[in-house]
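The next block is entry.csv, given as CSV, C-alpha atoms.
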```csv
chain,number,residue,atom,x,y,z
A,21,MET,CA,16.3,13.1,-46.8
A,22,THR,CA,18.7,11.6,-44.3
A,23,ALA,CA,17.4,8.6,-42.4
A,24,MET,CA,16.7,9.1,-38.7
A,25,ASN,CA,15.1,7.2,-35.9
A,26,LEU,CA,12.1,8.1,-33.8
A,27,ALA,CA,14.1,9.8,-31.1
A,28,ALA,CA,15.2,12.4,-33.6
A,29,THR,CA,11.6,13.3,-34.2
A,30,VAL,CA,10.2,12.9,-30.7
A,31,HIS,CA,12.0,14.1,-27.6
A,32,SER,CA,10.7,12.3,-24.4
A,33,SER,CA,13.0,13.8,-21.8
A,34,SER,CA,10.1,14.6,-19.6
A,35,MET,CA,8.9,11.0,-19.2
A,36,PRO,CA,11.6,10.0,-16.7
A,37,LEU,CA,10.7,13.0,-14.6
A,38,TRP,CA,7.0,12.1,-14.9
A,39,TYR,CA,7.6,8.6,-13.6
A,40,ALA,CA,10.0,9.9,-10.9
A,41,THR,CA,7.3,12.4,-9.7
A,42,ARG,CA,4.7,9.6,-9.5
A,43,ALA,CA,6.9,7.1,-7.8
A,44,THR,CA,8.4,9.4,-5.2
A,45,GLY,CA,4.9,10.8,-4.4
A,46,VAL,CA,3.6,7.3,-3.7
A,47,VAL,CA,6.6,6.4,-1.6
A,48,ALA,CA,6.3,9.6,0.4
A,49,LEU,CA,2.6,8.9,1.1
A,50,VAL,CA,3.5,5.4,2.4
A,51,LEU,CA,6.3,6.8,4.6
A,52,LEU,CA,4.0,9.6,5.9
A,53,THR,CA,1.4,7.0,6.8
A,54,LEU,CA,4.1,4.9,8.6
A,55,SER,CA,5.3,8.0,10.5
A,56,LEU,CA,1.8,8.9,11.6
A,57,VAL,CA,1.0,5.3,12.7
A,58,MET,CA,4.3,5.1,14.6
A,59,GLY,CA,3.6,8.4,16.2
A,60,ILE,CA,0.3,7.2,17.5
A,61,LEU,CA,1.9,4.1,18.9
A,62,VAL,CA,4.5,6.3,20.7
A,63,SER,CA,1.6,8.4,22.2
A,64,VAL,CA,-0.1,5.3,23.7
A,65,LYS,CA,3.3,4.1,25.0
A,66,PHE,CA,3.1,0.8,23.0
A,67,VAL,CA,5.8,-1.7,24.0
A,68,SER,CA,6.2,-5.5,23.9
A,69,GLU,CA,9.0,-8.0,24.6
A,70,ARG,CA,10.0,-8.1,20.9
A,71,TRP,CA,9.4,-4.5,20.1
A,72,PRO,CA,10.8,-2.0,22.6
A,73,ARG,CA,9.5,1.6,22.8
A,74,PHE,CA,12.8,3.1,21.5
A,75,ALA,CA,12.3,1.1,18.3
A,76,THR,CA,8.9,2.7,17.7
A,77,ILE,CA,10.4,6.1,18.4
A,78,GLY,CA,13.2,5.4,16.0
A,79,VAL,CA,11.0,4.2,13.2
A,80,HIS,CA,8.7,7.2,13.7
A,81,ARG,CA,11.6,9.7,13.5
A,82,ASN,CA,13.4,8.0,10.5
A,83,ALA,CA,10.1,7.6,8.6
A,84,SER,CA,9.5,11.3,9.0
A,85,LEU,CA,13.0,12.2,7.7
A,86,LEU,CA,12.7,9.8,4.8
A,87,THR,CA,9.3,11.4,3.9
A,88,VAL,CA,10.9,14.8,3.6
A,89,ALA,CA,13.7,13.3,1.5
A,90,PHE,CA,11.3,11.7,-1.0
A,91,LEU,CA,9.1,14.8,-1.0
A,92,ALA,CA,12.2,16.8,-1.9
A,93,VAL,CA,12.8,14.6,-5.0
A,94,HIS,CA,9.0,14.6,-5.7
A,95,ILE,CA,8.9,18.4,-5.7
A,96,LEU,CA,12.1,18.8,-7.7
A,97,THR,CA,11.0,16.5,-10.5
A,98,ALA,CA,7.6,18.1,-10.6
A,99,VAL,CA,9.2,21.5,-11.1
A,100,LEU,CA,11.7,20.3,-13.8
A,101,ASP,CA,9.0,18.4,-15.7
A,102,PRO,CA,8.0,20.8,-18.6
A,103,TYR,CA,4.6,19.3,-19.0
A,104,ALA,CA,2.9,20.8,-15.9
A,105,PRO,CA,3.6,24.5,-15.2
A,106,VAL,CA,4.6,24.2,-11.6
A,107,GLY,CA,6.7,27.1,-10.5
A,108,LEU,CA,9.1,27.5,-7.6
A,109,PHE,CA,6.9,30.1,-5.9
A,110,SER,CA,4.1,27.6,-5.7
A,111,LEU,CA,6.3,25.3,-3.7
A,112,VAL,CA,6.2,27.6,-0.7
A,113,VAL,CA,3.0,29.6,-1.2
A,114,PRO,CA,-0.1,27.4,-1.7
A,115,PHE,CA,-2.9,27.9,-4.3
A,116,VAL,CA,-0.9,30.1,-6.7
A,117,SER,CA,0.0,27.6,-9.3
A,118,SER,CA,-1.6,27.7,-12.8
A,119,TYR,CA,-1.8,23.9,-12.8
A,120,ARG,CA,-4.7,22.5,-10.6
A,121,PRO,CA,-4.0,25.3,-8.0
A,122,LEU,CA,-6.3,24.0,-5.2
A,123,TRP,CA,-5.1,20.4,-5.2
A,124,LEU,CA,-1.4,21.3,-5.7
A,125,GLY,CA,-1.8,23.9,-3.0
A,126,LEU,CA,-3.0,21.2,-0.6
A,127,GLY,CA,0.3,19.4,-1.2
A,128,THR,CA,2.2,22.6,-0.5
A,129,VAL,CA,0.3,23.1,2.8
A,130,ALA,CA,0.9,19.5,3.8
A,131,PHE,CA,4.6,19.9,3.0
A,132,ASP,CA,4.9,23.1,5.0
A,133,LEU,CA,3.2,21.4,8.0
A,134,LEU,CA,5.5,18.5,7.7
A,135,LEU,CA,8.6,20.8,7.7
A,136,ALA,CA,7.2,22.5,10.9
A,137,LEU,CA,6.8,19.1,12.5
A,138,ILE,CA,10.3,18.0,11.7
A,139,ALA,CA,11.8,21.3,12.9
A,140,THR,CA,9.9,21.3,16.2
A,141,SER,CA,10.8,17.7,16.8
A,142,LEU,CA,14.5,18.4,16.2
A,143,LEU,CA,14.3,21.4,18.6
A,144,ARG,CA,12.1,19.6,21.2
A,145,THR,CA,14.5,20.2,24.0
A,146,ARG,CA,14.7,23.9,23.3
A,147,ILE,CA,11.0,24.8,23.0
A,148,PRO,CA,8.1,24.5,25.5
A,149,TYR,CA,6.4,21.2,25.5
A,150,ARG,CA,3.0,22.8,24.9
A,151,ALA,CA,4.2,24.5,21.8
A,152,TRP,CA,5.8,21.3,20.5
A,153,ARG,CA,2.6,19.3,21.2
A,154,ALA,CA,0.4,21.9,19.5
A,155,VAL,CA,2.5,21.8,16.3
A,156,HIS,CA,2.7,18.1,16.5
A,157,TRP,CA,-1.1,17.8,16.3
A,158,ALA,CA,-0.7,19.2,12.7
A,159,ALA,CA,0.3,15.7,11.7
A,160,TYR,CA,-3.4,14.8,11.8
A,161,ALA,CA,-4.1,17.5,9.2
A,162,CYS,CA,-1.0,16.9,7.1
A,163,TRP,CA,-1.9,13.4,6.3
A,164,PRO,CA,-5.5,13.9,4.8
A,165,LEU,CA,-4.2,16.9,2.9
A,166,ALA,CA,-1.5,14.7,1.4
A,167,ILE,CA,-4.2,12.1,0.4
A,168,MET,CA,-6.4,14.7,-1.3
A,169,HIS,CA,-3.3,16.3,-3.0
A,170,GLY,CA,-2.3,12.9,-4.4
A,171,LEU,CA,-5.8,12.0,-5.7
A,172,GLY,CA,-6.6,15.5,-6.9
A,173,THR,CA,-3.3,16.2,-8.7
A,174,GLY,CA,-2.0,12.7,-9.6
A,175,THR,CA,-2.5,11.0,-12.9
A,176,ASP,CA,-3.3,7.6,-11.5
A,177,PRO,CA,-6.3,8.0,-9.2
A,178,LYS,CA,-8.3,5.3,-11.0
A,179,SER,CA,-5.4,2.8,-11.0
A,180,PRO,CA,-6.5,-0.3,-9.0
A,181,ALA,CA,-3.0,-0.5,-7.4
A,182,ILE,CA,-3.0,3.2,-6.3
A,183,LEU,CA,-6.6,2.9,-5.0
A,184,ALA,CA,-5.6,-0.2,-3.0
A,185,LEU,CA,-2.6,1.5,-1.6
A,186,VAL,CA,-4.7,4.5,-0.5
A,187,VAL,CA,-7.3,2.3,1.1
A,188,PHE,CA,-4.5,0.4,2.9
A,189,CYS,CA,-3.0,3.7,4.2
A,190,VAL,CA,-6.5,4.9,5.4
A,191,ALA,CA,-7.2,1.6,7.1
A,192,ALA,CA,-3.8,1.7,8.9
A,193,VAL,CA,-4.3,5.3,10.2
A,194,LEU,CA,-8.0,4.5,11.2
A,195,GLY,CA,-6.9,1.4,13.1
A,196,ALA,CA,-4.1,3.3,14.9
A,197,GLY,CA,-6.5,6.2,15.6
A,198,LEU,CA,-9.1,3.9,17.1
A,199,TRP,CA,-6.4,2.3,19.3
A,200,ARG,CA,-5.4,5.8,20.4
A,201,LEU,CA,-9.0,6.7,21.3
A,202,ALA,CA,-9.6,3.4,23.2
A,203,SER,CA,-6.4,3.7,25.2
A,204,GLY,CA,-7.2,5.1,28.6
A,205,TRP,CA,-10.9,4.9,28.2
A,206,PRO,CA,-13.1,6.2,29.9
A,207,GLN,CA,-10.9,9.2,30.8
A,208,HIS,CA,-11.8,12.3,28.7
A,209,ALA,CA,-14.7,10.3,27.2
A,210,ARG,CA,-16.4,13.3,25.6
A,211,ALA,CA,-13.2,14.5,24.0
A,212,ARG,CA,-12.4,11.0,22.7
A,213,LEU,CA,-15.9,10.6,21.3
A,214,ALA,CA,-15.8,14.0,19.6
A,215,SER,CA,-12.4,13.2,18.1
A,216,GLY,CA,-13.7,9.9,16.8
A,217,LEU,CA,-16.7,11.5,15.3
A,218,ALA,CA,-14.7,14.2,13.7
A,219,GLY,CA,-12.3,11.6,12.2
A,220,ALA,CA,-15.2,9.6,10.8
A,221,MET,CA,-16.7,12.7,9.2
A,222,VAL,CA,-13.4,13.5,7.6
A,223,VAL,CA,-13.1,10.0,6.1
A,224,ILE,CA,-16.6,10.0,4.8
A,225,ALA,CA,-16.2,13.5,3.3
A,226,VAL,CA,-12.9,12.6,1.6
A,227,ALA,CA,-14.4,9.3,0.3
A,228,ALA,CA,-17.5,11.2,-1.1
A,229,TRP,CA,-15.3,13.8,-2.7
A,230,ALA,CA,-13.0,11.1,-4.3
A,231,LEU,CA,-16.0,9.3,-5.8
A,232,ALA,CA,-17.5,12.5,-7.2
A,233,GLY,CA,-14.2,14.1,-8.2
A,234,PRO,CA,-10.9,12.2,-9.1
A,235,LEU,CA,-12.7,8.9,-9.7
A,236,ALA,CA,-15.4,10.5,-11.9
A,237,SER,CA,-15.1,11.4,-15.5
A,238,GLY,CA,-14.1,14.9,-16.5
A,239,TRP,CA,-11.9,15.5,-13.5
A,240,ALA,CA,-9.0,17.0,-15.4
A,241,ALA,CA,-11.0,20.0,-16.5
A,242,ARG,CA,-12.7,20.4,-13.1
A,243,ALA,CA,-9.5,20.1,-11.2
A,244,GLY,CA,-8.0,23.2,-12.9
A,245,THR,CA,-5.8,21.8,-15.6
A,246,PRO,CA,-4.8,24.6,-17.9
A,247,ALA,CA,-6.9,24.9,-21.0
A,248,LYS,CA,-3.8,24.6,-23.2
A,249,LEU,CA,-3.0,21.2,-21.8
A,250,LEU,CA,-6.6,20.0,-22.1
A,251,ALA,CA,-6.8,21.1,-25.8
A,252,GLN,CA,-3.5,19.3,-26.5
A,253,ALA,CA,-4.8,16.1,-24.9
A,254,ARG,CA,-8.0,16.3,-26.9
A,255,ALA,CA,-6.2,17.0,-30.1
A,256,ALA,CA,-4.0,13.9,-29.5
A,257,GLY,CA,-7.0,11.7,-28.8
A,258,ALA,CA,-9.0,13.0,-31.8
A,259,SER,CA,-6.0,12.5,-34.1
A,260,ALA,CA,-5.5,8.9,-32.9
A,261,GLN,CA,-9.2,8.1,-33.4
A,262,ASN,CA,-9.5,9.8,-36.8
A,263,GLY,CA,-9.1,7.1,-39.4
A,264,SER,CA,-8.3,4.4,-36.9
A,265,SER,CA,-11.7,3.1,-36.2
A,266,ALA,CA,-12.7,1.6,-39.5
A,267,GLY,CA,-16.1,-0.2,-39.6
A,268,PRO,CA,-16.9,-3.6,-40.8
A,269,THR,CA,-16.8,-2.5,-44.4
A,270,ALA,CA,-13.2,-1.6,-44.3
A,271,SER,CA,-10.8,-3.8,-46.4
A,272,GLY,CA,-9.0,-6.6,-44.7
A,273,SER,CA,-9.9,-9.1,-42.0
A,274,SER,CA,-11.6,-8.1,-38.8
A,275,ALA,CA,-9.9,-10.9,-36.9
A,276,LEU,CA,-6.7,-10.3,-35.0
A,277,PRO,CA,-4.0,-12.8,-35.7
A,278,ALA,CA,-3.0,-15.1,-32.9
A,279,LEU,CA,-0.7,-13.6,-30.3
A,280,PRO,CA,2.2,-13.2,-29.9
A,281,LEU,CA,2.8,-11.9,-33.5
A,282,THR,CA,5.6,-10.2,-35.3
A,283,ALA,CA,5.2,-8.2,-38.5
A,284,GLN,CA,7.3,-6.2,-40.8
A,285,ILE,CA,5.7,-2.7,-41.1
A,286,THR,CA,5.6,0.2,-43.5
A,287,GLY,CA,3.9,3.5,-43.1
A,288,THR,CA,4.1,7.3,-43.0
A,289,VAL,CA,5.0,10.0,-40.5
A,290,ASN,CA,3.4,13.4,-40.4
A,291,THR,CA,4.2,16.4,-38.2
A,292,VAL,CA,1.8,19.4,-37.6
A,293,ALA,CA,2.9,22.4,-35.6
A,294,SER,CA,0.8,25.3,-34.5
A,295,GLY,CA,1.1,27.9,-31.7
A,296,GLY,CA,4.3,26.4,-30.3
A,297,GLN,CA,2.7,22.9,-30.0
A,298,ALA,CA,3.4,20.0,-32.4
A,299,THR,CA,1.7,16.7,-33.1
A,300,VAL,CA,3.6,13.8,-34.7
A,301,THR,CA,1.4,11.0,-36.3
A,302,ILE,CA,2.9,7.7,-37.3
A,303,SER,CA,0.6,5.2,-39.0
A,304,GLY,CA,1.2,2.1,-40.9
A,305,SER,CA,0.4,-1.6,-41.4
A,306,GLY,CA,2.1,-4.9,-41.8
A,307,THR,CA,1.6,-8.6,-42.2
A,308,GLY,CA,3.3,-11.4,-40.3
A,309,SER,CA,4.2,-14.8,-41.8
A,310,GLY,CA,0.9,-16.3,-42.9
A,311,ALA,CA,-1.1,-13.9,-40.8
A,312,ALA,CA,-3.9,-11.4,-41.5
A,313,PRO,CA,-2.8,-7.8,-41.9
A,314,VAL,CA,-2.6,-5.5,-38.9
A,315,ALA,CA,-2.5,-1.7,-38.6
A,316,PHE,CA,-1.3,0.8,-36.0
A,317,LYS,CA,-1.4,4.5,-35.3
A,318,VAL,CA,0.8,6.5,-32.9
A,319,VAL,CA,0.1,10.1,-32.0
A,320,LEU,CA,2.6,12.1,-29.9
A,321,SER,CA,2.0,15.7,-28.8
A,322,GLY,CA,3.9,18.3,-26.9
A,323,PRO,CA,5.9,21.5,-27.3
A,324,ALA,CA,7.4,22.0,-30.8
A,325,LEU,CA,11.2,22.0,-30.9
A,326,ASP,CA,13.5,24.1,-33.1
A,327,ASP,CA,14.7,21.0,-35.0
A,328,GLY,CA,11.2,20.3,-36.2
A,329,GLY,CA,10.5,17.6,-33.6
A,330,VAL,CA,8.3,17.5,-30.5
A,331,GLN,CA,9.0,17.1,-26.8
A,332,MET,CA,6.4,14.4,-26.0
A,333,THR,CA,4.1,15.2,-23.1
A,334,SER,CA,1.1,13.0,-24.2
A,335,SER,CA,0.6,10.1,-26.5
A,336,GLN,CA,-2.2,7.9,-28.0
A,337,VAL,CA,-1.6,4.5,-29.6
A,338,GLY,CA,-4.1,2.5,-31.6
A,339,PHE,CA,-3.7,-1.1,-32.9
A,340,GLY,CA,-5.8,-3.9,-34.3
A,341,PRO,CA,-6.6,-5.9,-37.5
A,342,ALA,CA,-6.7,-3.9,-40.7
A,343,ALA,CA,-10.5,-3.7,-40.6
A,344,ASP,CA,-10.5,-2.4,-37.0
A,345,PRO,CA,-7.2,-0.7,-36.3
A,346,GLY,CA,-8.5,1.1,-33.3
A,347,ARG,CA,-9.6,-2.1,-31.4
A,348,TYR,CA,-6.8,-1.6,-28.9
A,349,GLN,CA,-6.1,1.9,-27.4
A,350,GLY,CA,-3.5,3.0,-25.0
A,351,ARG,CA,-0.4,5.1,-24.6
A,352,ILE,CA,3.4,4.9,-24.8
A,353,VAL,CA,5.2,3.7,-21.7
A,354,SER,CA,8.7,3.6,-23.0
A,355,LEU,CA,10.6,5.4,-25.8
A,356,GLN,CA,14.3,4.9,-26.5
A,357,GLY,CA,15.7,5.8,-29.9
A,358,GLY,CA,13.5,4.0,-32.5
A,359,ASP,CA,12.2,1.5,-29.9
A,360,LEU,CA,8.7,2.3,-28.7
A,361,ALA,CA,6.6,0.3,-26.1
A,362,ALA,CA,2.9,0.8,-25.5
A,363,ALA,CA,0.3,-0.6,-23.1
A,364,LEU,CA,-3.1,-1.0,-24.7
A,365,THR,CA,-6.5,-2.4,-23.8
A,366,ASP,CA,-9.6,-3.3,-25.9
A,367,ARG,CA,-13.2,-2.4,-25.1
A,368,ALA,CA,-13.5,-5.4,-22.9
A,369,GLY,CA,-10.5,-4.5,-20.9
A,370,SER,CA,-8.1,-7.1,-22.2
A,371,ALA,CA,-4.5,-5.9,-22.1
A,372,LEU,CA,-2.0,-6.0,-24.9
A,373,SER,CA,1.6,-5.1,-25.1
A,374,LEU,CA,2.8,-3.4,-28.3
A,375,ALA,CA,6.5,-2.9,-29.3
A,376,LEU,CA,7.6,-1.0,-32.4
A,377,HIS,CA,11.1,-0.8,-33.8
A,378,ILE,CA,10.8,2.2,-36.2
A,379,ARG,CA,13.1,3.8,-38.6
A,380,ILE,CA,12.1,7.1,-40.3
A,381,ASN,CA,13.4,8.1,-43.7
A,382,GLY,CA,11.8,11.4,-44.8
A,383,GLY,CA,8.1,10.8,-44.6
A,384,ALA,CA,8.4,7.0,-44.8
A,385,VAL,CA,8.4,4.6,-41.9
A,386,THR,CA,9.8,1.0,-41.9
A,387,GLY,CA,10.4,-1.4,-39.1
A,388,THR,CA,9.1,-4.2,-37.0
A,389,LEU,CA,6.0,-4.6,-34.8
A,390,THR,CA,5.6,-7.1,-32.0
A,391,ALA,CA,2.3,-7.7,-30.1
A,392,SER,CA,1.6,-9.9,-27.2
A,393,SER,CA,-1.1,-10.4,-24.6
A,394,GLY,CA,-0.7,-8.8,-21.2
A,395,SER,CA,0.5,-5.5,-20.0
A,396,THR,CA,4.0,-4.0,-20.2
A,397,GLN,CA,3.6,-2.4,-16.8
```
Now, as a test, write the supplied structure out as structure tokens.
Amino acid sequence: MTAMNLAATVHSSSMPLWYATRATGVVALVLLTLSLVMGILVSVKFVSERWPRFATIGVHRNASLLTVAFLAVHILTAVLDPYAPVGLFSLVVPFVSSYRPLWLGLGTVAFDLLLALIATSLLRTRIPYRAWRAVHWAAYACWPLAIMHGLGTGTDPKSPAILALVVFCVAAVLGAGLWRLASGWPQHARARLASGLAGAMVVIAVAAWALAGPLASGWAARAGTPAKLLAQARAAGASAQNGSSAGPTASGSSALPALPLTAQITGTVNTVASGGQATVTISGSGTGSGAAPVAFKVVLSGPALDDGGVQMTSSQVGFGPAADPGRYQGRIVSLQGGDLAAALTDRAGSALSLALHIRINGGAVTGTLTASSGSTQ
């Protein structure tokens, strides 16, 4: 059979879209937070010698427009990504998507509210002030909905960096909100106290929901992920674990060679297709110069393609010494041609970067493996 590289077997065209969706969503949340904070500063007529009021108004307006721009890219990439079935109709009408309908719907509502805010702000001189102000209050609902949408629908709710960013955004809005309530005190004291109490209750409720929901185990199923995608992910994980967690009695050393290490590898590739889905399993082993043998296993799953390959939507990677090839577990973070990069961690949380240069000839795999401590991300 003619030799081919990994890209001929695995098509990962959805990965750039997945990364773009995540990145633009995070940036949009930061910009929305900035817009909200600047809007609060405008309402309290904040001004200083170094920061005139028109600068606050300008940042508020530009941050709002940039939020819409990044959200447009965020939505477009989400629709184009074949992994999650997000239809065009669900972009306008909330809670109708087959993929996590409630949490995706909250994002739709937040986007619709933001569009209304932008439209009324641009038409402020042509509409009554009370109407503009009533719509503008929707900003306070738009922001927490965006937070819940990001945590409920996103793939990184447990990431320390994402959690830190969310906490920072919440702290910024809370600080600005307290400033707004304190400004002009004690005028309308009851209304201010009621608003402060309502805001505190919302924060507590969202925090409690996050701890019991996105930050807890089993959220993907409870969030409304389609059963087909859940089954696909379970199959990939089970395939990666099967045969890759040999016990102490397995042949070979249980000690991992010193890092960084480079080894020439040989192995096999196997493709299983069923019901329009396919799983590609690549496994092998190798030995560096004077080093103990190591083993690896890569499982890629996704829709089956007509050429016998698979469009990767999920992955599982295992690596370790020959006696414990599943010591490190993780996923692919980059795939170009026959070059594959994966970010792995062991049971203690230690990070490892794995790079494979693979060439496939029929059912045989040859190439080079490089492992080093630390993360590729």
(message) If I take atom CA of A:Val318 and atom CA of A:Ser118, how far is one from the other in Å, to one decimal?
(response)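 Straight-line distance from atom CA of A:Val318 to atom CA of A:Ser118 works out to 29.3 Å.
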Any chance you could work out the axis-aligned box around stretch 216-221 of chain A, listed atoms only, 8 Å on each side, giving centre and edge lengths in Å to one decimal, as lines of an AutoDock Vina configuration file?
```
center_x = -14.5
center_y = 11.9
center_z = 13.0
size_x = 20.4
size_y = 20.6
size_z = 23.6
```
(message) Taking 5 positions as the minimum chain separation for residues in the same chain, which residues sit within 9 Å of A:Ser215 when counting all atoms listed in the file? Answer as a PyMOL selection string.
(response) chain A and resi 201+210+220
(request) Pick out the closest residue to A:Ala136 from this set: A:Val88, A:Ile182, A:Ala343, A:Val353. Count all atoms listed in the file. (result)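 With all atoms listed in the file as the atom set, the closest residue is A:Val88.
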(request) For each of A:Trp157, A:Trp163, A:Trp38, A:Tyr149, take the minimum atom-to-atom distance to A:Tyr103, counting all atoms listed in the file, then give the residue where this is smallest. (result)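 Ranked by minimum distance to A:Tyr103, first place goes to A:Trp38.
The coordinates place atom CA of A:Ile60 at 8.5 Å from atom CA of A:Trp199.
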(message) Set the distance at 12 Å and use only C-alpha atoms: which residues neighbour A:Leu281 once local chain neighbours fewer than 5 positions away are removed? I'd like the list as a count of residues only.
(response) 23
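Excluding A:Ser370 itself and same-chain residues fewer than 6 positions from it, the residues having an atom within 10 Å of it are Tyr348, Leu364, Ser393, Gly394 and Ser395 of chain A, counting all atoms listed in the file.
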Got a sec: who's within 9 Å of A:Gly45, counting all atoms listed in the file, leaving out chain neighbours fewer than 2 positions off, as a short mmCIF file (atom, residue, chain, number, x, y, z; two decimals) with C-alpha atoms, keeping the file's coordinate frame?
```
data_model
loop_
_atom_site.label_atom_id
_atom_site.label_comp_id
_atom_site.auth_asym_id
_atom_site.auth_seq_id
_atom_site.Cartn_x
_atom_site.Cartn_y
_atom_site.Cartn_z
CA ALA A 40 10.00 9.90 -10.90
CA THR A 41 7.30 12.40 -9.70
CA ARG A 42 4.70 9.60 -9.50
CA ALA A 43 6.90 7.10 -7.80
CA VAL A 47 6.60 6.40 -1.60
CA ALA A 48 6.30 9.60 0.40
CA LEU A 49 2.60 8.90 1.10
CA VAL A 50 3.50 5.40 2.40
CA PHE A 90 11.30 11.70 -1.00
CA LEU A 91 9.10 14.80 -1.00
CA VAL A 93 12.80 14.60 -5.00
CA HIS A 94 9.00 14.60 -5.70
CA ILE A 95 8.90 18.40 -5.70
CA GLY A 170 -2.30 12.90 -4.40
CA GLY A 174 -2.00 12.70 -9.60
#
```
(request) Write out as a list in words each polymer residue whose atoms come within 12 Å of A:Val292, counting all atoms listed in the file; drop sequence neighbours fewer than 4 positions from it. (result)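 The residues satisfying every condition are Ala255, Ala256, Ser259, Gly296, Gln297, Ala298, Thr299, Val300, Thr301, Ile302, Val319, Leu320, Ser321, Gly322, Pro323, Ala324, Leu325, Gly328, Gly329 and Val330 of chain A.
Shortest separation to A:Gln331 among A:Pro148, A:Pro102, A:Pro72, A:Gly346 occurs at residue A:Pro102, atoms counted being all atoms listed in the file.
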(request) Between atom CA of A:Pro105 and atom CA of A:Thr333, measure the distance and give it in Å to one decimal. (result)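 One can read the atom CA of A:Pro105 to atom CA of A:Thr333 distance as 12.2 Å.
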(request) Kindly indicate which residue among A:Ala363, A:Leu355, A:Leu37, A:Ala139 lies nearest to A:Ile378, using all atoms listed in the file for the distances. (result) A:Leu355
